[in-house]
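Raw contents of protein_24.txt, compact mmCIF, C-alpha atoms and all ligand atoms:
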```
# COMPACT_ATOMS: atom_id res chain seq x y z
CA MET A 1 181.99 113.13 15.21
CA LYS A 2 184.11 116.23 14.46
CA VAL A 3 186.27 117.17 17.42
CA LEU A 4 188.42 120.26 17.82
CA GLY A 5 191.64 119.56 19.75
CA ILE A 6 193.65 122.19 21.61
CA GLU A 7 197.16 121.63 23.00
CA SER A 8 198.80 124.34 25.14
CA SER A 9 200.64 122.48 27.91
CA CYS A 10 204.11 123.87 27.22
CA ASP A 11 205.68 125.90 24.41
CA GLU A 12 203.64 124.78 21.41
CA THR A 13 200.15 125.98 20.56
CA GLY A 14 198.51 123.14 18.64
CA VAL A 15 195.03 123.01 17.12
CA ALA A 16 193.42 120.27 15.02
CA VAL A 17 190.13 118.82 13.87
CA PHE A 18 189.69 115.05 13.98
CA ASP A 19 186.67 113.49 12.28
CA THR A 20 185.84 109.98 13.53
CA ALA A 21 183.65 109.32 10.47
CA LEU A 22 186.74 109.16 8.22
CA ALA A 23 189.00 106.10 8.37
CA GLY A 24 192.71 106.23 9.24
CA ALA A 25 194.86 109.30 8.76
CA ALA A 26 192.12 110.97 6.67
CA GLY A 27 190.31 111.56 9.98
CA LEU A 28 192.77 114.34 10.65
CA ARG A 29 190.95 117.06 8.69
CA ALA A 30 193.44 119.81 9.56
CA HIS A 31 196.11 120.58 12.10
CA ALA A 32 198.38 123.51 12.82
CA VAL A 33 201.15 124.04 15.35
CA TYR A 34 202.69 127.33 16.37
CA SER A 35 206.03 126.84 18.12
CA GLN A 36 207.24 129.36 20.70
CA VAL A 37 210.85 128.18 20.36
CA ALA A 38 212.11 131.56 19.11
CA LEU A 39 210.42 133.34 22.04
CA HIS A 40 212.17 131.21 24.68
CA ALA A 41 215.50 130.68 22.88
CA GLU A 42 217.27 133.68 24.43
CA TYR A 43 216.50 132.32 27.93
CA GLY A 44 217.77 128.81 27.10
CA GLY A 45 214.49 127.21 28.24
CA VAL A 46 210.75 127.75 28.54
CA VAL A 47 209.65 130.80 30.60
CA PRO A 48 206.19 129.79 31.87
CA GLU A 49 204.60 133.24 32.01
CA LEU A 50 205.80 134.13 28.51
CA ALA A 51 204.41 130.81 27.30
CA SER A 52 200.94 131.54 28.75
CA ARG A 53 200.82 134.99 27.19
CA ASP A 54 201.86 133.72 23.79
CA HIS A 55 199.18 131.00 23.90
CA VAL A 56 196.64 133.79 24.58
CA ARG A 57 197.88 135.63 21.48
CA LYS A 58 198.04 132.66 19.14
CA LEU A 59 195.23 130.29 20.09
CA LEU A 60 192.16 131.95 18.56
CA PRO A 61 193.85 132.82 15.23
CA LEU A 62 195.06 129.21 15.07
CA VAL A 63 191.53 127.88 15.75
CA ARG A 64 190.17 130.03 12.89
CA GLN A 65 192.99 128.94 10.57
CA THR A 66 192.49 125.24 11.37
CA LEU A 67 188.72 125.37 10.86
CA ALA A 68 189.24 127.16 7.53
CA GLU A 69 191.75 124.50 6.43
CA ALA A 70 189.29 121.76 7.41
CA GLY A 71 186.56 123.57 5.44
CA LEU A 72 184.35 123.63 8.52
CA GLY A 73 182.27 126.29 10.21
CA VAL A 74 182.63 126.45 13.99
CA GLY A 75 178.98 125.40 14.32
CA GLU A 76 179.78 122.04 12.67
CA LEU A 77 181.93 120.88 15.61
CA ASP A 78 180.50 118.08 17.73
CA GLY A 79 182.93 118.38 20.64
CA VAL A 80 186.04 120.08 21.97
CA ALA A 81 189.08 118.40 23.55
CA TYR A 82 191.89 120.20 25.35
CA THR A 83 195.04 119.24 27.24
CA ALA A 84 194.13 119.35 30.94
CA GLY A 85 197.58 118.24 32.20
CA PRO A 86 200.31 117.48 32.91
CA GLY A 87 202.03 120.75 32.02
CA LEU A 88 202.53 124.39 32.97
CA VAL A 89 199.47 125.53 34.89
CA GLY A 90 199.13 128.95 33.23
CA ALA A 91 199.63 127.54 29.75
CA LEU A 92 197.10 124.76 30.42
CA LEU A 93 194.53 127.26 31.68
CA VAL A 94 194.64 129.19 28.40
CA GLY A 95 193.70 126.11 26.36
CA ALA A 96 191.17 124.91 28.92
CA GLY A 97 189.52 128.33 29.13
CA VAL A 98 189.17 128.70 25.37
CA ALA A 99 188.02 125.10 24.88
CA ARG A 100 185.48 125.19 27.66
CA SER A 101 184.05 128.56 26.56
CA LEU A 102 183.76 127.41 22.96
CA ALA A 103 182.01 124.20 23.99
CA TRP A 104 179.65 126.16 26.22
CA ALA A 105 178.81 128.62 23.43
CA LEU A 106 178.27 125.81 20.90
CA ASP A 107 176.44 123.61 23.40
CA VAL A 108 178.69 120.62 22.66
CA PRO A 109 180.58 118.42 25.14
CA ALA A 110 184.16 119.17 26.11
CA ILE A 111 186.79 116.87 27.56
CA GLY A 112 190.15 117.43 29.26
CA VAL A 113 192.78 115.07 27.82
CA HIS A 114 195.90 113.74 29.53
CA HIS A 115 198.85 115.01 27.46
CA MET A 116 200.72 111.69 27.71
CA GLU A 117 197.65 109.72 26.67
CA GLY A 118 197.56 112.01 23.64
CA HIS A 119 201.17 111.05 22.82
CA LEU A 120 200.46 107.38 23.56
CA LEU A 121 197.48 107.17 21.19
CA ALA A 122 199.04 109.27 18.40
CA PRO A 123 200.40 106.21 16.50
CA LEU A 124 196.82 104.89 16.26
CA MET A 125 195.80 107.97 14.26
CA GLU A 126 197.90 106.89 11.29
CA ASP A 127 196.77 104.64 8.43
CA PRO A 128 196.85 100.99 9.56
CA ASP A 129 199.74 98.85 8.32
CA PRO A 130 198.52 97.09 5.12
CA VAL A 131 199.66 93.68 6.43
CA HIS A 132 199.27 93.85 10.21
CA GLY A 133 196.52 96.45 10.58
CA ALA A 134 196.41 99.10 13.32
CA PRO A 135 198.11 98.29 16.63
CA GLU A 136 195.56 96.96 19.07
CA PRO A 137 195.97 96.51 22.84
CA PRO A 138 197.61 94.79 24.55
CA PHE A 139 200.84 96.51 23.55
CA VAL A 140 203.68 98.41 25.19
CA ALA A 141 204.12 102.15 24.75
CA LEU A 142 207.41 104.00 24.98
CA LEU A 143 206.76 107.67 25.69
CA VAL A 144 209.86 109.79 25.21
CA SER A 145 209.41 113.54 25.43
CA GLY A 146 211.10 116.56 26.96
CA GLY A 147 209.40 116.00 30.32
CA HIS A 148 208.74 112.25 30.44
CA THR A 149 210.35 108.90 29.71
CA GLN A 150 207.92 106.11 30.43
CA LEU A 151 207.26 102.51 29.49
CA VAL A 152 203.56 101.78 29.77
CA ALA A 153 201.65 98.50 29.42
CA VAL A 154 198.51 99.31 27.48
CA ASP A 155 195.81 96.76 28.34
CA GLY A 156 193.11 98.82 26.61
CA ILE A 157 192.41 102.42 25.65
CA GLY A 158 192.51 104.20 29.01
CA ARG A 159 193.89 101.14 30.85
CA TYR A 160 197.51 101.92 31.49
CA ARG A 161 200.11 100.39 33.81
CA LEU A 162 203.39 102.16 34.34
CA LEU A 163 206.21 99.62 33.86
CA GLY A 164 209.15 101.98 34.24
CA GLU A 165 210.17 105.61 34.04
CA THR A 166 213.16 107.86 34.37
CA LEU A 167 214.53 108.50 37.83
CA ASP A 168 216.04 111.85 36.78
CA ASP A 169 216.25 113.49 33.33
CA ALA A 170 213.78 112.61 30.59
CA ALA A 171 215.29 111.38 27.29
CA GLY A 172 214.45 114.65 25.52
CA GLU A 173 215.81 116.66 28.42
CA ALA A 174 219.06 114.65 28.21
CA PHE A 175 219.30 115.47 24.49
CA ASP A 176 218.64 119.17 25.19
CA LYS A 177 221.09 119.47 28.10
CA THR A 178 223.82 117.56 26.27
CA ALA A 179 223.36 119.75 23.21
CA LYS A 180 223.58 122.86 25.38
CA LEU A 181 226.85 121.85 27.02
CA MET A 182 228.40 121.49 23.56
CA GLY A 183 227.16 124.95 22.64
CA LEU A 184 224.21 124.01 20.42
CA PRO A 185 221.24 126.39 20.52
CA TYR A 186 217.99 125.59 22.40
CA PRO A 187 216.17 123.25 22.01
CA GLY A 188 219.13 121.13 21.10
CA GLY A 189 217.58 117.65 20.69
CA PRO A 190 216.92 117.78 16.93
CA GLN A 191 220.19 119.67 16.31
CA LEU A 192 222.23 117.14 18.27
CA ALA A 193 220.56 114.35 16.26
CA ALA A 194 221.42 116.13 12.98
CA LEU A 195 225.02 116.58 14.10
CA ALA A 196 225.24 112.89 15.05
CA GLU A 197 224.63 112.01 11.38
CA GLN A 198 228.15 113.27 10.60
CA GLY A 199 229.70 111.52 13.59
CA THR A 200 231.82 108.35 13.43
CA PRO A 201 230.12 105.43 15.18
CA GLY A 202 232.23 104.08 18.02
CA ALA A 203 234.64 107.04 18.16
CA PHE A 204 233.18 107.80 21.60
CA ARG A 205 231.45 105.16 23.68
CA PHE A 206 229.27 106.19 26.62
CA SER A 207 227.61 103.82 29.07
CA ARG A 208 224.08 102.41 28.67
CA PRO A 209 222.73 103.51 32.07
CA MET A 210 220.93 100.94 34.24
CA THR A 211 220.99 98.19 31.61
CA ASP A 212 223.39 96.03 33.68
CA ARG A 213 220.68 95.29 36.27
CA PRO A 214 217.10 94.13 35.97
CA GLY A 215 214.26 96.62 35.94
CA LEU A 216 212.58 99.01 33.56
CA ASP A 217 213.52 102.39 35.00
CA PHE A 218 215.90 104.81 33.31
CA SER A 219 218.52 107.30 34.42
CA PHE A 220 219.97 109.74 31.90
CA SER A 221 221.59 112.44 34.02
CA GLY A 222 224.94 110.61 34.40
CA LEU A 223 225.29 110.37 30.64
CA LYS A 224 225.31 114.14 30.37
CA THR A 225 228.23 114.29 32.84
CA GLN A 226 230.15 111.68 30.82
CA VAL A 227 229.65 113.80 27.71
CA LEU A 228 230.74 116.95 29.55
CA LEU A 229 234.02 115.30 30.61
CA ALA A 230 234.66 113.91 27.11
CA TRP A 231 233.91 117.32 25.58
CA GLN A 232 236.15 119.22 28.01
CA GLN A 233 239.03 116.80 27.46
CA SER A 234 238.70 116.81 23.66
CA ASP A 235 240.08 119.14 20.97
CA GLN A 236 236.49 120.44 20.50
CA SER A 237 236.86 120.33 16.71
CA PRO A 238 233.68 120.11 14.56
CA GLN A 239 234.38 116.42 13.83
CA THR A 240 234.90 115.63 17.53
CA LYS A 241 231.66 117.39 18.33
CA ALA A 242 229.83 115.24 15.76
CA ASP A 243 231.57 112.10 17.06
CA ILE A 244 230.50 112.86 20.64
CA ALA A 245 226.95 113.60 19.47
CA ARG A 246 226.91 110.21 17.73
CA GLY A 247 228.26 108.46 20.84
CA PHE A 248 225.60 110.11 23.00
CA GLU A 249 222.76 109.34 20.59
CA ASP A 250 223.86 105.71 20.28
CA ALA A 251 223.95 105.38 24.09
CA VAL A 252 220.40 106.75 24.48
CA VAL A 253 219.00 104.76 21.56
CA GLU A 254 220.63 101.51 22.70
CA THR A 255 219.45 102.00 26.29
CA LEU A 256 215.89 102.64 25.14
CA ALA A 257 215.99 99.61 22.82
CA ILE A 258 217.27 97.28 25.58
CA LYS A 259 214.56 98.43 27.99
CA CYS A 260 211.85 98.22 25.34
CA GLY A 261 212.81 94.60 24.66
CA ARG A 262 212.59 93.84 28.37
CA ALA A 263 209.24 95.64 28.66
CA LEU A 264 207.84 93.51 25.81
CA ASP A 265 209.06 90.40 27.65
CA ALA A 266 207.44 91.61 30.88
CA ALA A 267 204.14 92.42 29.19
CA GLY A 268 204.15 89.25 27.05
CA CYS A 269 203.64 90.97 23.69
CA ASP A 270 205.63 91.99 20.62
CA VAL A 271 204.15 95.30 19.57
CA ILE A 272 205.65 98.55 20.79
CA VAL A 273 204.19 101.95 20.00
CA VAL A 274 206.49 104.93 20.35
CA SER A 275 205.69 108.60 20.68
CA GLY A 276 206.76 111.92 22.19
CA GLY A 277 209.32 114.32 20.73
CA VAL A 278 212.27 111.89 20.86
CA GLY A 279 210.12 109.46 18.85
CA ALA A 280 210.97 111.70 15.88
CA ASN A 281 214.59 110.56 16.17
CA LYS A 282 215.54 108.61 13.03
CA ARG A 283 218.05 106.29 14.63
CA LEU A 284 215.67 105.43 17.47
CA ARG A 285 212.93 104.61 14.96
CA ALA A 286 215.22 102.32 12.96
CA ARG A 287 216.67 100.60 16.05
CA LEU A 288 213.27 99.88 17.64
CA GLN A 289 211.85 98.62 14.36
CA ASP A 290 214.82 96.27 14.10
CA MET A 291 214.49 95.10 17.73
CA ALA A 292 210.75 94.43 17.37
CA SER A 293 210.92 92.67 14.01
CA LYS A 294 213.74 90.36 15.22
CA ARG A 295 211.29 89.05 17.81
CA GLY A 296 208.50 88.72 15.27
CA GLY A 297 206.71 91.89 16.27
CA ARG A 298 206.73 95.50 15.13
CA ALA A 299 207.24 99.07 16.27
CA CYS A 300 204.60 101.68 15.40
CA PHE A 301 205.20 105.42 15.31
CA PRO A 302 203.24 108.46 14.28
CA ARG A 303 204.81 110.56 11.49
CA PRO A 304 207.62 112.69 13.05
CA SER A 305 205.52 115.89 13.10
CA LEU A 306 202.93 114.13 15.29
CA CYS A 307 205.60 112.84 17.71
CA THR A 308 206.28 116.34 19.03
CA ASP A 309 203.51 118.30 20.76
CA ASN A 310 200.47 118.89 18.56
CA GLY A 311 196.71 119.40 18.68
CA ALA A 312 195.96 116.34 16.53
CA MET A 313 196.77 113.85 19.28
CA ILE A 314 194.52 115.77 21.68
CA ALA A 315 191.66 115.88 19.16
CA PHE A 316 192.07 112.13 18.55
CA ALA A 317 192.34 111.04 22.21
CA GLY A 318 189.45 113.37 23.11
CA ALA A 319 187.31 112.01 20.27
CA LEU A 320 187.74 108.43 21.53
CA ARG A 321 186.54 109.45 24.97
CA LEU A 322 183.72 111.71 23.76
CA GLN A 323 182.55 108.90 21.47
CA ALA A 324 182.43 106.61 24.50
CA GLY A 325 180.08 109.13 26.15
CA GLN A 326 182.65 110.66 28.49
CA HIS A 327 182.90 114.41 29.00
CA ASP A 328 183.81 116.89 31.72
CA ASP A 329 181.56 119.29 33.58
CA ALA A 330 181.51 123.00 32.78
CA ALA A 331 184.30 123.96 35.21
CA VAL A 332 187.68 125.08 33.88
CA HIS A 333 189.92 122.59 35.60
CA VAL A 334 193.52 121.57 34.88
CA THR A 335 195.87 119.08 36.55
CA PRO A 336 199.54 120.15 36.26
CA ARG A 337 200.71 116.84 37.81
CA TRP A 338 198.67 113.85 36.75
CA ASP A 339 199.19 110.08 37.02
CA MET A 340 198.03 108.41 33.80
CA ALA A 341 197.15 105.17 35.64
CA SER A 342 194.31 107.11 37.35
CA LEU A 343 192.42 107.62 34.06
CA PRO A 344 189.07 105.85 33.59
CA PRO A 345 189.02 103.11 30.92
CA VAL A 346 187.23 103.98 27.67
CA ALA A 347 185.45 100.62 27.56
CA ALA A 348 185.17 97.76 30.05
O1 LIG B 1 206.83 115.72 23.11
P1 LIG B 1 207.58 117.00 22.99
O2 LIG B 1 207.34 117.84 21.75
O3 LIG B 1 207.31 117.94 24.20
C1 LIG B 1 207.11 117.49 25.49
O4 LIG B 1 205.98 117.06 25.82
O5 LIG B 1 208.13 117.51 26.22
O6 LIG B 1 209.13 116.62 23.10
C2 LIG B 1 210.14 117.59 22.97
C3 LIG B 1 211.49 116.92 23.18
C4 LIG B 1 212.62 117.92 23.29
O7 LIG B 1 213.43 117.57 24.39
C5 LIG B 1 213.36 117.75 21.97
O8 LIG B 1 214.73 118.07 22.04
C6 LIG B 1 213.14 116.29 21.68
O9 LIG B 1 211.81 116.05 22.08
N1 LIG B 1 213.31 115.95 20.26
C7 LIG B 1 214.28 115.14 19.78
C8 LIG B 1 214.11 115.08 18.37
N2 LIG B 1 213.04 115.88 18.04
C9 LIG B 1 212.57 116.39 19.21
N3 LIG B 1 215.26 114.46 20.40
C10 LIG B 1 216.07 113.69 19.64
N4 LIG B 1 215.97 113.60 18.30
C11 LIG B 1 215.03 114.26 17.62
N5 LIG B 1 214.93 114.15 16.29
ZN ZN B 2 204.57 116.29 24.82
```

Re-express the file's structure as structure tokens.
Ligand code: KG4
Ligand code: ZN
Amino acid sequence: MKVLGIESSCDETGVAVFDTALAGAAGLRAHAVYSQVALHAEYGGVVPELASRDHVRKLLPLVRQTLAEAGLGVGELDGVAYTAGPGLVGALLVGAGVARSLAWALDVPAIGVHHMEGHLLAPLMEDPDPVHGAPEPPFVALLVSGGHTQLVAVDGIGRYRLLGETLDDAAGEAFDKTAKLMGLPYPGGPQLAALAEQGTPGAFRFSRPMTDRPGLDFSFSGLKTQVLLAWQQSDQSPQTKADIARGFEDAVVETLAIKCGRALDAAGCDVIVVSGGVGANKRLRARLQDMASKRGGRACFPRPSLCTDNGAMIAFAGALRLQAGQHDDAAVHVTPRWDMASLPPVAA
């Protein structure tokens, strides 16, 4: 089954074709992402109306480009998947409108995908580990993006239990805000991580929020204030900036690793899958791999380019549901706020 995936929930237009007949990563026949970062940079954050308009401009050319790269005619598609939420309502409607219309014209089924389920399943799109195979439920998922930080017990595909989440800022948001207060350009997460590479470990030590008490929730907003104070009281030299970046990154990574270990204990398993933009962070990847292997398990990630928003994860998650016979009716319907635990299971 060849499924076109469309992602337009925020500031990336992503399109991909996933072919379920091909095993492993080869199933991803083509994918392309257009980032609106430059458009929103001068405002220091995403402007929803500008995002919607840019999706309108970029989506159809990107669909044509992706189909050409996959070597497919539009008539060869067997289904269309689109992000139906959570996200910015106008941006979501652009993807949903195009996807639904295309499916209608081609007379193929269409399905609205939960953006976070897309992230959650992205690691399963990659080639299986030669020794351990592909991760199979039950496992724990850590979803760390610009809008969400969640630990989810995955009992099956589509059977999700929220174990913990952030009470304030998401991990990616904490990276972005911290980067901004030290004068790094938007979106600062990847830049702060790059700067941290030159920082001295231990030169600045920030707290590991909410790790001194039981529970699986997170809180990252206090960390940003600690960094602000350290930054204001420092000499603000390039090396100090890198040292603070390193201290901040270590605090976030360590906090996530501690909670992931506890979530594995709570769920009674040893496999953690990680996705969302912050999942591209090198130090987080290394630390979680280390934590999981010390307990005899493993951590699974998609390649970094599939951690951040993309159409591939939507094509893949949609294909699993379409294959199971699920699809949506012909209405254009999006859900800007959407609880993932309300999704129907893919199989009993
Ligand atoms: O999943 P994503 O692309 O979009 C949302 O659904 O939010 O995540 C974007 C977030 C941003 O906050 C960005 O700064 C962060 O992921 N991010 C990173 C890295 N790459 C992206 N944060 C830390 N280290 C990175 N390497
Ligand atoms: Zn995302």

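For Asp212 (chain A), the non-local neighbours within 12 Å, defined as residues at least 6 positions apart in the same chain or in other chains and counting all atoms listed in the file, are A:Phe218, A:Thr255, A:Ile258, A:Lys259.
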
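Separating CA of Ala324 (chain A) from CA of Leu67 (chain A) is a distance of 24.0 Å.
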
Task: Ile111 (chain A) surroundings by all atoms listed in the file, 6 Å radius, close-in-sequence under 5 positions cut, as a PyMOL selection string - done: chain A and resi 81+327-328

- [ ] For Gln232 (chain A), list every protein, DNA or RNA residue within 12 Å, evaluated using only C-alpha atoms, and leave out those in the same chain fewer than 6 positions away; present the list as a list in words.
- [x]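 These residues fall inside the cut-off: Leu181, Met182, Gly183, Thr225, Gln226, Thr240, Lys241 and Ile244 of chain A.
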
Do you have, as a Markdown table, the list of residues of chain A lying at most 9 Å from ligand ZN 2 (chain B), each with its nearest atom pair and that distance in Å to one decimal, counting all atoms listed in the file and ordered by chain then number?
```
| residue | atom | partner | partner_atom | distance |
| --- | --- | --- | --- | --- |
| A:Ser9 | CA | B:ZN2 | ZN | 8.0 |
| A:Cys10 | CA | B:ZN2 | ZN | 8.0 |
| A:Gly87 | CA | B:ZN2 | ZN | 8.8 |
| A:His115 | CA | B:ZN2 | ZN | 6.4 |
| A:Met116 | CA | B:ZN2 | ZN | 6.7 |
| A:Gly118 | CA | B:ZN2 | ZN | 8.3 |
| A:His119 | CA | B:ZN2 | ZN | 6.6 |
| A:Leu143 | CA | B:ZN2 | ZN | 8.9 |
| A:Val144 | CA | B:ZN2 | ZN | 8.4 |
| A:Ser145 | CA | B:ZN2 | ZN | 5.6 |
| A:Gly146 | CA | B:ZN2 | ZN | 6.9 |
| A:Gly147 | CA | B:ZN2 | ZN | 7.3 |
| A:His148 | CA | B:ZN2 | ZN | 8.1 |
| A:Ser275 | CA | B:ZN2 | ZN | 8.8 |
| A:Gly276 | CA | B:ZN2 | ZN | 5.6 |
| A:Gly277 | CA | B:ZN2 | ZN | 6.6 |
| A:Cys307 | CA | B:ZN2 | ZN | 8.0 |
| A:Thr308 | CA | B:ZN2 | ZN | 6.0 |
| A:Asp309 | CA | B:ZN2 | ZN | 4.7 |
| A:Asn310 | CA | B:ZN2 | ZN | 7.9 |
```

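The environment of Glu69 (chain A) within 10 Å, counting only C-alpha atoms and disregarding residues fewer than 5 places along the same chain, consists of Ala16, Val17, Arg29, Ala30, His31, Ala32, Val63 and Arg64 of chain A.
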
Task: Residue with smallest distance to Gly5 (chain A) - pool A:Gly45, A:Pro187, A:Gly202, A:Gly112, counting only C-alpha atoms - done: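 Between A:Gly45, A:Pro187, A:Gly202, A:Gly112, the residue approaching Gly5 (chain A) most closely is A:Gly112.
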
Would you place a box with edges along x, y and z of the file around all atoms of region 248-259 of chain A listed there, add 4 Å to each of its six sides, and report the centre and edge lengths in Å to one decimal, as lines of an AutoDock Vina configuration file?
```
center_x = 220.1
center_y = 103.7
center_z = 24.1
size_x = 19.0
size_y = 20.8
size_z = 15.7
```

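Between CA of Ala103 (chain A) and CA of Gln326 (chain A) the interatomic distance comes to 14.3 Å.
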
Expected answer as a compact mmCIF listing (two decimals) with C-alpha atoms, keeping the file's coordinate frame: all residues with atoms within 10 Å of (207.6, 91.7, 18.1), only C-alpha atoms:
```txt
# COMPACT_ATOMS: atom_id res chain seq x y z
CA PHE A 139 200.84 96.51 23.55
CA GLY A 261 212.81 94.60 24.66
CA LEU A 264 207.84 93.51 25.81
CA ASP A 265 209.06 90.40 27.65
CA GLY A 268 204.15 89.25 27.05
CA CYS A 269 203.64 90.97 23.69
CA ASP A 270 205.63 91.99 20.62
CA VAL A 271 204.15 95.30 19.57
CA ILE A 272 205.65 98.55 20.79
CA LEU A 288 213.27 99.88 17.64
CA GLN A 289 211.85 98.62 14.36
CA ASP A 290 214.82 96.27 14.10
CA MET A 291 214.49 95.10 17.73
CA ALA A 292 210.75 94.43 17.37
CA SER A 293 210.92 92.67 14.01
CA LYS A 294 213.74 90.36 15.22
CA ARG A 295 211.29 89.05 17.81
CA GLY A 296 208.50 88.72 15.27
CA GLY A 297 206.71 91.89 16.27
CA ARG A 298 206.73 95.50 15.13
CA ALA A 299 207.24 99.07 16.27
```

Open item on the list: My list of candidates is A:Leu306, A:Val346, A:Met340, A:Ala315. Which is closest to ligand LIG 1 (chain B) when distances are computed with all atoms listed in the file?
Closed with: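 The answer is A:Leu306, which sits nearest to ligand LIG 1 (chain B).
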
Open item on the list: Which residue is closest to ligand LIG 1 (chain B)? Choose from A:Leu223, A:Ala230, A:Ala257, A:Leu120 and count only C-alpha atoms and all ligand atoms.
Closed with: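 Answer, going by the shortest atom-to-atom distance: A:Leu120.
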
Since fewer atoms than expected are present, regenerate N, CA and C atoms for region 54-73 of chain A and write them as a short mmCIF file (atom, residue, chain, number, x, y, z; two decimals), in the frame of the given file.
```cif
data_model
loop_
_atom_site.label_atom_id
_atom_site.label_comp_id
_atom_site.auth_asym_id
_atom_site.auth_seq_id
_atom_site.Cartn_x
_atom_site.Cartn_y
_atom_site.Cartn_z
N ASP A 54 201.80 133.98 25.24
CA ASP A 54 201.86 133.72 23.79
C ASP A 54 200.72 132.78 23.36
N HIS A 55 200.35 131.84 24.23
CA HIS A 55 199.18 131.00 23.90
C HIS A 55 197.94 131.88 23.76
N VAL A 56 197.80 132.88 24.65
CA VAL A 56 196.64 133.79 24.58
C VAL A 56 196.63 134.47 23.21
N ARG A 57 197.80 134.93 22.77
CA ARG A 57 197.88 135.63 21.48
C ARG A 57 197.57 134.72 20.29
N LYS A 58 198.06 133.49 20.34
CA LYS A 58 198.04 132.66 19.14
C LYS A 58 196.85 131.71 19.03
N LEU A 59 196.21 131.39 20.14
CA LEU A 59 195.23 130.29 20.09
C LEU A 59 194.03 130.57 19.19
N LEU A 60 193.37 131.71 19.37
CA LEU A 60 192.16 131.95 18.56
C LEU A 60 192.47 132.06 17.06
N PRO A 61 193.53 132.82 16.67
CA PRO A 61 193.85 132.82 15.23
C PRO A 61 194.11 131.40 14.69
N LEU A 62 194.75 130.57 15.52
CA LEU A 62 195.06 129.21 15.07
C LEU A 62 193.78 128.36 14.95
N VAL A 63 192.81 128.60 15.84
CA VAL A 63 191.53 127.88 15.75
C VAL A 63 190.83 128.27 14.45
N ARG A 64 190.82 129.57 14.14
CA ARG A 64 190.17 130.03 12.89
C ARG A 64 190.87 129.44 11.67
N GLN A 65 192.21 129.47 11.69
CA GLN A 65 192.99 128.94 10.57
C GLN A 65 192.71 127.44 10.36
N THR A 66 192.68 126.69 11.47
CA THR A 66 192.49 125.24 11.37
C THR A 66 191.10 124.90 10.85
N LEU A 67 190.08 125.62 11.34
CA LEU A 67 188.72 125.37 10.86
C LEU A 67 188.62 125.69 9.37
N ALA A 68 189.27 126.79 8.95
CA ALA A 68 189.24 127.16 7.53
C ALA A 68 189.90 126.07 6.69
N GLU A 69 191.05 125.55 7.17
CA GLU A 69 191.75 124.50 6.43
C GLU A 69 190.92 123.22 6.36
N ALA A 70 190.14 122.96 7.40
CA ALA A 70 189.29 121.76 7.41
C ALA A 70 188.02 121.99 6.60
N GLY A 71 187.78 123.24 6.19
CA GLY A 71 186.56 123.57 5.44
C GLY A 71 185.31 123.45 6.30
N LEU A 72 185.47 123.77 7.59
CA LEU A 72 184.35 123.63 8.52
C LEU A 72 184.00 124.96 9.16
N GLY A 73 182.71 125.16 9.40
CA GLY A 73 182.27 126.29 10.21
C GLY A 73 182.33 125.86 11.67
#
```
